[in-house]
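So the structure is just underneath, and the comments pick up after that.
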Amino acid sequence: LHLYKGNNERYEATGSVILYKQNKEIKAEHLIYFDNNNIEAQQNISIKDSLRLILGDSLYINYIDSLINTIHIKSNAKLYNTRNVLIKGDSNKKKLEDILESNNMHIDFYDDETVKNINLYGMAIADFSVVEDSLLKGHNNISGDSISIQYQNEEINNMKISGGAIGKFVPDPDN
């Protein structure tokens, strides 16, 4: 661990680095924590909280005050998002995992750290469950050169797939 003082004050750590910030665990082989709360990391990166796991080779996290404003994963980006939904005929909620992958991913957040939009660039894939009123409707698999997903009230509001777009919806057989 190295501490650099002055105009560009920061902490740099190398090795199996683990940083706990609020309810998130950030792991990397090389991590830089700037005095303005921004974080830069390289190699075997993971960010984990109660609902999400984000993986990549290089990333930058921009904070405003103590809240995440943006995350930019520059290489080999993967996002796993867990949701609890009801399956028809079962009274217990089941965990479903949505998976987004691309060469490059940019995530913008609202002021409360809920996702505002996700932009996937380069060999983009989105594999997610379609849920309505907490009930599983089916599964969507989408791919293209780029995918832009906009959220409102923690639900997908708009999605745009560009360049070689392919989409497949598989309805839930019980619904």
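Residue names in the structure tokens use chain letters A, B, ... in the order shown, residue numbers from 1 in each chain, and ligand numbers from 1 in the order shown.
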| said: Among chain A, which ones does DSSP assign to strand (DSSP E) (computed from the backbone)? Answer as a PyMOL selection string. | reply: chain A and resi 2-4+10-21+24-34+39-48+52-64+67-75+77-86+93-102+104-109+115-132+135-152+155-162+166-171
| message | I want to know what sits within 9 Å of Pro171 of chain A, based on only C-alpha atoms, with residues of the same chain fewer than 3 positions away left out; could you give that as a list in words? | response |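 Answer for this query is Val130, Leu136, Lys137, Gly138, His139, Asn140, Asp174 and Asn175 of chain A.
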For the residues in the current selection, export N, CA, C and O atoms as a short mmCIF file (atom, residue, chain, number, x, y, z; two decimals), in the first residue's frame.
```
data_model
loop_
_atom_site.label_atom_id
_atom_site.label_comp_id
_atom_site.auth_asym_id
_atom_site.auth_seq_id
_atom_site.Cartn_x
_atom_site.Cartn_y
_atom_site.Cartn_z
N VAL A 130 -38.15 -11.38 -17.87
CA VAL A 130 -39.21 -10.39 -18.00
C VAL A 130 -40.19 -10.64 -16.87
O VAL A 130 -40.76 -11.71 -16.75
N LEU A 136 -43.01 -13.86 -13.12
CA LEU A 136 -42.16 -14.14 -14.28
C LEU A 136 -43.01 -14.34 -15.53
O LEU A 136 -43.92 -15.17 -15.55
N LYS A 137 -42.70 -13.58 -16.58
CA LYS A 137 -43.40 -13.71 -17.86
C LYS A 137 -42.59 -14.52 -18.87
O LYS A 137 -43.14 -15.11 -19.78
N GLY A 138 -41.26 -14.50 -18.73
CA GLY A 138 -40.41 -15.23 -19.66
C GLY A 138 -38.98 -14.71 -19.60
O GLY A 138 -38.62 -13.94 -18.71
N HIS A 139 -38.17 -15.15 -20.57
CA HIS A 139 -36.76 -14.76 -20.62
C HIS A 139 -36.46 -14.12 -21.97
O HIS A 139 -36.91 -14.59 -23.01
N ASN A 140 -35.67 -13.05 -21.96
CA ASN A 140 -35.22 -12.34 -23.15
C ASN A 140 -33.73 -12.56 -23.32
O ASN A 140 -32.98 -12.45 -22.35
N ASP A 174 -45.38 -21.89 -17.65
CA ASP A 174 -46.47 -21.92 -16.67
C ASP A 174 -47.31 -20.66 -16.68
O ASP A 174 -48.23 -20.52 -15.87
N ASN A 175 -47.00 -19.73 -17.56
CA ASN A 175 -47.66 -18.43 -17.51
C ASN A 175 -48.19 -18.07 -18.89
O ASN A 175 -47.62 -17.31 -19.61
#
```
| query | For Val170 of chain A, which residue out of A:Tyr4, A:Tyr151, A:Phe128, A:Tyr121 is the nearest one, using only C-alpha atoms? | reply |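 With only C-alpha atoms as the atom set, the closest residue is A:Phe128.
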Per-residue nearest contacts of segment 44-139 of chain A to segment 16-33 of chain A (10 Å; only C-alpha atoms) as a tab-separated table:
```
residue	atom	partner	partner_atom	distance
A:Asn44	CA	A:Ala28	CA	5.4
A:Ile45	CA	A:Ala28	CA	4.5
A:Ser46	CA	A:Lys27	CA	5.2
A:Ile47	CA	A:Ile26	CA	4.5
A:Lys48	CA	A:Glu25	CA	5.2
A:Asp49	CA	A:Lys24	CA	4.7
A:Ser50	CA	A:Asn23	CA	7.8
A:Arg52	CA	A:Lys24	CA	9.5
A:Leu53	CA	A:Glu25	CA	9.6
A:Ile54	CA	A:Ile26	CA	9.4
A:Leu55	CA	A:Lys27	CA	9.5
A:Gly56	CA	A:Ala28	CA	9.5
A:Asp57	CA	A:Ala28	CA	8.8
A:Ser58	CA	A:Ala28	CA	9.1
A:Leu59	CA	A:Leu31	CA	9.6
A:Tyr60	CA	A:Ile32	CA	9.5
A:Ile61	CA	A:Tyr33	CA	9.7
A:Ser66	CA	A:Gln22	CA	8.7
A:Leu67	CA	A:Gln22	CA	9.3
```
Store the residues picked out above in a file with all heavy atoms, as a tab-separated table (two decimals), in the first residue's frame.
```
chain	number	residue	atom	x	y	z
A	44	ASN	N	-8.75	-8.56	-12.66
A	44	ASN	CA	-9.62	-9.40	-11.82
A	44	ASN	C	-10.51	-8.59	-10.89
A	44	ASN	O	-10.55	-8.82	-9.69
A	44	ASN	CB	-8.79	-10.40	-11.01
A	44	ASN	CG	-7.98	-11.31	-11.90
A	44	ASN	OD1	-8.44	-11.72	-12.96
A	44	ASN	ND2	-6.78	-11.62	-11.48
A	45	ILE	N	-11.25	-7.67	-11.46
A	45	ILE	CA	-12.05	-6.74	-10.67
A	45	ILE	C	-13.43	-7.32	-10.41
A	45	ILE	O	-14.04	-7.92	-11.29
A	45	ILE	CB	-12.21	-5.41	-11.41
A	45	ILE	CG1	-10.84	-4.79	-11.63
A	45	ILE	CG2	-13.12	-4.46	-10.68
A	45	ILE	CD1	-10.78	-3.84	-12.75
A	46	SER	N	-13.91	-7.11	-9.18
A	46	SER	CA	-15.30	-7.43	-8.86
A	46	SER	C	-15.83	-6.39	-7.89
A	46	SER	O	-15.11	-5.94	-7.00
A	46	SER	CB	-15.45	-8.83	-8.28
A	46	SER	OG	-14.91	-8.91	-6.98
A	47	ILE	N	-17.07	-6.00	-8.11
A	47	ILE	CA	-17.80	-5.12	-7.19
A	47	ILE	C	-19.05	-5.90	-6.81
A	47	ILE	O	-19.82	-6.31	-7.69
A	47	ILE	CB	-18.21	-3.79	-7.85
A	47	ILE	CG1	-17.00	-3.06	-8.39
A	47	ILE	CG2	-18.96	-2.92	-6.85
A	47	ILE	CD1	-17.37	-1.85	-9.22
A	48	LYS	N	-19.24	-6.09	-5.53
A	48	LYS	CA	-20.36	-6.91	-5.08
A	48	LYS	C	-21.14	-6.17	-4.00
A	48	LYS	O	-20.57	-5.60	-3.09
A	48	LYS	CB	-19.83	-8.23	-4.51
A	48	LYS	CG	-20.88	-9.21	-4.14
A	48	LYS	CD	-20.26	-10.51	-3.66
A	48	LYS	CE	-21.33	-11.51	-3.34
A	48	LYS	NZ	-20.78	-12.77	-2.87
A	49	ASP	N	-22.48	-6.17	-4.17
A	49	ASP	CA	-23.37	-5.72	-3.10
A	49	ASP	C	-24.47	-6.75	-2.96
A	49	ASP	O	-24.34	-7.86	-3.48
A	49	ASP	CB	-23.89	-4.29	-3.35
A	49	ASP	CG	-24.77	-4.15	-4.58
A	49	ASP	OD1	-25.30	-5.16	-5.09
A	49	ASP	OD2	-24.94	-3.01	-5.05
A	50	SER	N	-25.55	-6.43	-2.29
A	50	SER	CA	-26.57	-7.44	-2.00
A	50	SER	C	-27.31	-7.93	-3.24
A	50	SER	O	-27.84	-9.04	-3.25
A	50	SER	CB	-27.57	-6.89	-0.99
A	50	SER	OG	-28.23	-5.77	-1.51
A	52	ARG	N	-26.07	-7.12	-6.81
A	52	ARG	CA	-25.30	-7.06	-8.04
A	52	ARG	C	-23.89	-7.60	-7.86
A	52	ARG	O	-23.29	-7.45	-6.81
A	52	ARG	CB	-25.16	-5.62	-8.50
A	52	ARG	CG	-26.22	-5.15	-9.40
A	52	ARG	CD	-25.94	-3.71	-9.84
A	52	ARG	NE	-27.17	-2.98	-9.73
A	52	ARG	CZ	-27.44	-2.05	-8.84
A	52	ARG	NH1	-26.55	-1.66	-7.98
A	52	ARG	NH2	-28.61	-1.46	-8.82
A	53	LEU	N	-23.38	-8.14	-8.96
A	53	LEU	CA	-21.97	-8.48	-9.07
A	53	LEU	C	-21.51	-7.92	-10.41
A	53	LEU	O	-22.09	-8.23	-11.45
A	53	LEU	CB	-21.75	-9.99	-9.01
A	53	LEU	CG	-20.33	-10.48	-9.27
A	53	LEU	CD1	-19.36	-9.97	-8.20
A	53	LEU	CD2	-20.30	-12.00	-9.35
A	54	ILE	N	-20.47	-7.08	-10.37
A	54	ILE	CA	-19.91	-6.48	-11.59
A	54	ILE	C	-18.48	-6.97	-11.71
A	54	ILE	O	-17.71	-6.90	-10.75
A	54	ILE	CB	-19.94	-4.94	-11.53
A	54	ILE	CG1	-21.39	-4.45	-11.38
A	54	ILE	CG2	-19.29	-4.34	-12.77
A	54	ILE	CD1	-21.52	-2.97	-11.10
A	55	LEU	N	-18.13	-7.49	-12.89
A	55	LEU	CA	-16.78	-8.01	-13.14
A	55	LEU	C	-16.17	-7.29	-14.33
A	55	LEU	O	-16.88	-6.83	-15.23
A	55	LEU	CB	-16.83	-9.51	-13.43
A	55	LEU	CG	-17.50	-10.40	-12.39
A	55	LEU	CD1	-17.64	-11.82	-12.92
A	55	LEU	CD2	-16.70	-10.39	-11.10
A	56	GLY	N	-14.84	-7.22	-14.37
A	56	GLY	CA	-14.16	-6.62	-15.50
A	56	GLY	C	-12.66	-6.64	-15.31
A	56	GLY	O	-12.15	-7.09	-14.28
A	57	ASP	N	-11.95	-6.16	-16.33
A	57	ASP	CA	-10.49	-6.12	-16.29
A	57	ASP	C	-9.96	-4.75	-15.90
A	57	ASP	O	-8.85	-4.63	-15.40
A	57	ASP	CB	-9.91	-6.51	-17.65
A	57	ASP	CG	-10.19	-7.96	-18.00
A	57	ASP	OD1	-10.37	-8.77	-17.08
A	57	ASP	OD2	-10.26	-8.27	-19.21
A	58	SER	N	-10.75	-3.70	-16.16
A	58	SER	CA	-10.32	-2.34	-15.85
A	58	SER	C	-11.57	-1.50	-15.60
A	58	SER	O	-12.50	-1.55	-16.39
A	58	SER	CB	-9.53	-1.77	-17.03
A	58	SER	OG	-9.19	-0.44	-16.80
A	59	LEU	N	-11.59	-0.74	-14.50
A	59	LEU	CA	-12.78	0.03	-14.23
A	59	LEU	C	-12.47	1.33	-13.53
A	59	LEU	O	-11.41	1.50	-12.93
A	59	LEU	CB	-13.80	-0.78	-13.42
A	59	LEU	CG	-13.76	-0.74	-11.91
A	59	LEU	CD1	-14.86	0.19	-11.45
A	59	LEU	CD2	-14.01	-2.11	-11.34
A	60	TYR	N	-13.42	2.25	-13.63
A	60	TYR	CA	-13.34	3.54	-12.97
A	60	TYR	C	-14.70	3.82	-12.33
A	60	TYR	O	-15.74	3.69	-12.99
A	60	TYR	CB	-12.99	4.65	-13.97
A	60	TYR	CG	-12.80	5.99	-13.33
A	60	TYR	CD1	-11.64	6.29	-12.64
A	60	TYR	CD2	-13.80	6.95	-13.39
A	60	TYR	CE1	-11.47	7.53	-12.03
A	60	TYR	CE2	-13.64	8.18	-12.78
A	60	TYR	CZ	-12.48	8.46	-12.10
A	60	TYR	OH	-12.32	9.68	-11.49
A	61	ILE	N	-14.71	4.18	-11.06
A	61	ILE	CA	-15.94	4.53	-10.34
A	61	ILE	C	-15.86	6.00	-9.97
A	61	ILE	O	-14.90	6.43	-9.33
A	61	ILE	CB	-16.12	3.69	-9.06
A	61	ILE	CG1	-16.09	2.20	-9.38
A	61	ILE	CG2	-17.43	4.06	-8.38
A	61	ILE	CD1	-16.09	1.32	-8.15
A	66	SER	N	-20.75	10.75	-1.34
A	66	SER	CA	-20.42	9.36	-1.02
A	66	SER	C	-21.23	8.37	-1.85
A	66	SER	O	-21.21	7.18	-1.59
A	66	SER	CB	-20.66	9.10	0.47
A	66	SER	OG	-22.03	9.29	0.76
A	67	LEU	N	-21.94	8.87	-2.89
A	67	LEU	CA	-22.78	8.00	-3.71
A	67	LEU	C	-22.18	7.80	-5.10
A	67	LEU	O	-21.63	8.72	-5.70
A	67	LEU	CB	-24.18	8.60	-3.85
A	67	LEU	CG	-24.95	8.79	-2.54
A	67	LEU	CD1	-26.26	9.52	-2.80
A	67	LEU	CD2	-25.22	7.46	-1.87
```
| field | Shell around Lys160 of chain A at 9 Å using only C-alpha atoms, local window under 4 positions removed, as a list of chain:residue names | value |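 Using only C-alpha atoms, the neighbours found are A:Ser146, A:Ile147, A:Ser148, A:Ile149, A:Gln150.
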Put those residues in a file: N, CA and C atoms, as a PDB file, in the first residue's frame.
```
ATOM      1  N   SER A 146     -24.047  -2.898 -29.940  1.00  0.00           N
ATOM      2  CA  SER A 146     -24.213  -2.066 -28.747  1.00  0.00           C
ATOM      3  C   SER A 146     -25.659  -2.161 -28.271  1.00  0.00           C
ATOM      4  N   ILE A 147     -25.816  -2.045 -26.958  1.00  0.00           N
ATOM      5  CA  ILE A 147     -27.143  -2.061 -26.337  1.00  0.00           C
ATOM      6  C   ILE A 147     -27.191  -0.909 -25.343  1.00  0.00           C
ATOM      7  N   SER A 148     -28.252  -0.124 -25.434  1.00  0.00           N
ATOM      8  CA  SER A 148     -28.474   0.976 -24.495  1.00  0.00           C
ATOM      9  C   SER A 148     -29.779   0.694 -23.757  1.00  0.00           C
ATOM     10  N   ILE A 149     -29.713   0.638 -22.420  1.00  0.00           N
ATOM     11  CA  ILE A 149     -30.883   0.332 -21.602  1.00  0.00           C
ATOM     12  C   ILE A 149     -31.112   1.498 -20.646  1.00  0.00           C
ATOM     13  N   GLN A 150     -32.329   2.043 -20.665  1.00  0.00           N
ATOM     14  CA  GLN A 150     -32.684   3.133 -19.764  1.00  0.00           C
ATOM     15  C   GLN A 150     -33.719   2.632 -18.758  1.00  0.00           C
TER      16      GLN A 150
END
```
With 9 Å as the cut-off and only C-alpha atoms counted, what is the closest atom pair between each nearby residue of segment 98-141 of chain A and segment 71-83 of chain A? Distances in Å to one decimal, ordered by chain and number, as a tab-separated table.
```
residue	atom	partner	partner_atom	distance
A:Asp98	CA	A:Asn81	CA	5.0
A:Ile99	CA	A:Tyr80	CA	4.7
A:Leu100	CA	A:Leu79	CA	5.1
A:Glu101	CA	A:Lys78	CA	4.5
A:Ser102	CA	A:Ala77	CA	5.3
A:Asn103	CA	A:Asn76	CA	4.8
A:Asn104	CA	A:Lys74	CA	4.8
A:Met105	CA	A:Ile73	CA	5.1
A:His106	CA	A:His72	CA	4.5
A:Ile107	CA	A:Ile71	CA	5.1
A:Asp108	CA	A:Ile71	CA	6.7
A:Phe109	CA	A:Ile71	CA	8.5
A:Leu120	CA	A:Ala77	CA	8.6
A:Phe128	CA	A:Asn81	CA	8.9
```
Restrict the selected residues to all heavy atoms and save them as a short mmCIF file (atom, residue, chain, number, x, y, z; two decimals), in the first residue's frame.
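Final output, selection-v5.cif:
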```
data_model
loop_
_atom_site.label_atom_id
_atom_site.label_comp_id
_atom_site.auth_asym_id
_atom_site.auth_seq_id
_atom_site.Cartn_x
_atom_site.Cartn_y
_atom_site.Cartn_z
N ASP A 98 -30.17 -11.74 -13.93
CA ASP A 98 -30.03 -11.12 -15.24
C ASP A 98 -28.54 -10.95 -15.50
O ASP A 98 -27.77 -10.62 -14.59
CB ASP A 98 -30.70 -9.74 -15.27
CG ASP A 98 -32.20 -9.83 -15.01
OD1 ASP A 98 -32.79 -10.88 -15.32
OD2 ASP A 98 -32.78 -8.84 -14.53
N ILE A 99 -28.12 -11.18 -16.76
CA ILE A 99 -26.70 -11.11 -17.10
C ILE A 99 -26.52 -10.16 -18.29
O ILE A 99 -27.18 -10.31 -19.32
CB ILE A 99 -26.15 -12.50 -17.47
CG1 ILE A 99 -26.38 -13.48 -16.32
CG2 ILE A 99 -24.67 -12.41 -17.83
CD1 ILE A 99 -26.10 -14.93 -16.68
N LEU A 100 -25.63 -9.18 -18.12
CA LEU A 100 -25.26 -8.27 -19.19
C LEU A 100 -23.77 -8.41 -19.42
O LEU A 100 -22.99 -8.39 -18.46
CB LEU A 100 -25.60 -6.82 -18.82
CG LEU A 100 -27.04 -6.53 -18.42
CD1 LEU A 100 -27.17 -5.09 -17.94
CD2 LEU A 100 -27.98 -6.80 -19.55
N GLU A 101 -23.35 -8.53 -20.70
CA GLU A 101 -21.94 -8.68 -21.02
C GLU A 101 -21.59 -7.84 -22.24
O GLU A 101 -22.40 -7.69 -23.14
CB GLU A 101 -21.61 -10.14 -21.36
CG GLU A 101 -21.84 -11.12 -20.27
CD GLU A 101 -21.48 -12.54 -20.68
OE1 GLU A 101 -20.45 -12.72 -21.37
OE2 GLU A 101 -22.22 -13.46 -20.32
N SER A 102 -20.36 -7.31 -22.24
CA SER A 102 -19.86 -6.57 -23.39
C SER A 102 -18.36 -6.32 -23.22
O SER A 102 -17.80 -6.59 -22.16
CB SER A 102 -20.59 -5.23 -23.57
OG SER A 102 -20.34 -4.39 -22.47
N ASN A 103 -17.75 -5.80 -24.26
CA ASN A 103 -16.34 -5.42 -24.15
C ASN A 103 -16.17 -4.20 -23.26
O ASN A 103 -15.18 -4.08 -22.54
CB ASN A 103 -15.75 -5.12 -25.54
CG ASN A 103 -15.63 -6.36 -26.39
OD1 ASN A 103 -15.55 -7.47 -25.88
ND2 ASN A 103 -15.65 -6.18 -27.69
N ASN A 104 -17.15 -3.30 -23.29
CA ASN A 104 -17.07 -2.02 -22.59
C ASN A 104 -18.45 -1.69 -22.05
O ASN A 104 -19.43 -1.82 -22.78
CB ASN A 104 -16.61 -0.98 -23.62
CG ASN A 104 -16.16 0.31 -23.02
OD1 ASN A 104 -16.73 0.78 -22.05
ND2 ASN A 104 -15.16 0.91 -23.63
N MET A 105 -18.55 -1.28 -20.78
CA MET A 105 -19.85 -0.99 -20.18
C MET A 105 -19.77 0.32 -19.40
O MET A 105 -18.80 0.57 -18.68
CB MET A 105 -20.24 -2.13 -19.23
CG MET A 105 -21.62 -2.02 -18.63
SD MET A 105 -22.02 -3.37 -17.45
CE MET A 105 -21.86 -4.83 -18.48
N HIS A 106 -20.82 1.12 -19.55
CA HIS A 106 -20.92 2.38 -18.81
C HIS A 106 -22.26 2.40 -18.09
O HIS A 106 -23.31 2.23 -18.72
CB HIS A 106 -20.81 3.57 -19.77
CG HIS A 106 -20.70 4.87 -19.08
ND1 HIS A 106 -19.50 5.41 -18.70
CD2 HIS A 106 -21.65 5.74 -18.66
CE1 HIS A 106 -19.71 6.55 -18.09
NE2 HIS A 106 -21.00 6.78 -18.05
N ILE A 107 -22.25 2.59 -16.76
CA ILE A 107 -23.46 2.59 -15.94
C ILE A 107 -23.60 3.95 -15.27
O ILE A 107 -22.67 4.42 -14.61
CB ILE A 107 -23.41 1.49 -14.87
CG1 ILE A 107 -23.08 0.13 -15.49
CG2 ILE A 107 -24.73 1.43 -14.10
CD1 ILE A 107 -22.74 -0.95 -14.47
N ASP A 108 -24.75 4.59 -15.46
CA ASP A 108 -25.07 5.85 -14.79
C ASP A 108 -26.11 5.57 -13.72
O ASP A 108 -27.02 4.76 -13.92
CB ASP A 108 -25.66 6.87 -15.78
CG ASP A 108 -24.63 7.37 -16.77
OD1 ASP A 108 -23.54 7.77 -16.34
OD2 ASP A 108 -24.93 7.36 -17.98
N PHE A 109 -25.99 6.29 -12.59
CA PHE A 109 -26.89 6.09 -11.47
C PHE A 109 -27.65 7.37 -11.14
O PHE A 109 -27.15 8.47 -11.34
CB PHE A 109 -26.10 5.66 -10.22
CG PHE A 109 -25.45 4.32 -10.36
CD1 PHE A 109 -24.21 4.18 -10.95
CD2 PHE A 109 -26.09 3.18 -9.88
CE1 PHE A 109 -23.61 2.94 -11.08
CE2 PHE A 109 -25.50 1.94 -10.00
CZ PHE A 109 -24.26 1.81 -10.60
N LEU A 120 -23.85 -0.76 -23.25
CA LEU A 120 -22.94 -1.86 -23.54
C LEU A 120 -22.38 -1.66 -24.95
O LEU A 120 -23.15 -1.44 -25.88
CB LEU A 120 -23.69 -3.20 -23.49
CG LEU A 120 -24.51 -3.47 -22.23
CD1 LEU A 120 -25.56 -4.53 -22.49
CD2 LEU A 120 -23.60 -3.88 -21.12
N PHE A 128 -32.00 -11.56 -19.75
CA PHE A 128 -32.71 -11.19 -18.54
C PHE A 128 -34.13 -11.74 -18.53
O PHE A 128 -34.69 -12.10 -19.55
CB PHE A 128 -32.72 -9.67 -18.34
CG PHE A 128 -33.31 -8.91 -19.48
CD1 PHE A 128 -34.64 -8.57 -19.49
CD2 PHE A 128 -32.51 -8.51 -20.54
CE1 PHE A 128 -35.18 -7.86 -20.55
CE2 PHE A 128 -33.04 -7.79 -21.60
CZ PHE A 128 -34.39 -7.48 -21.60
#
```
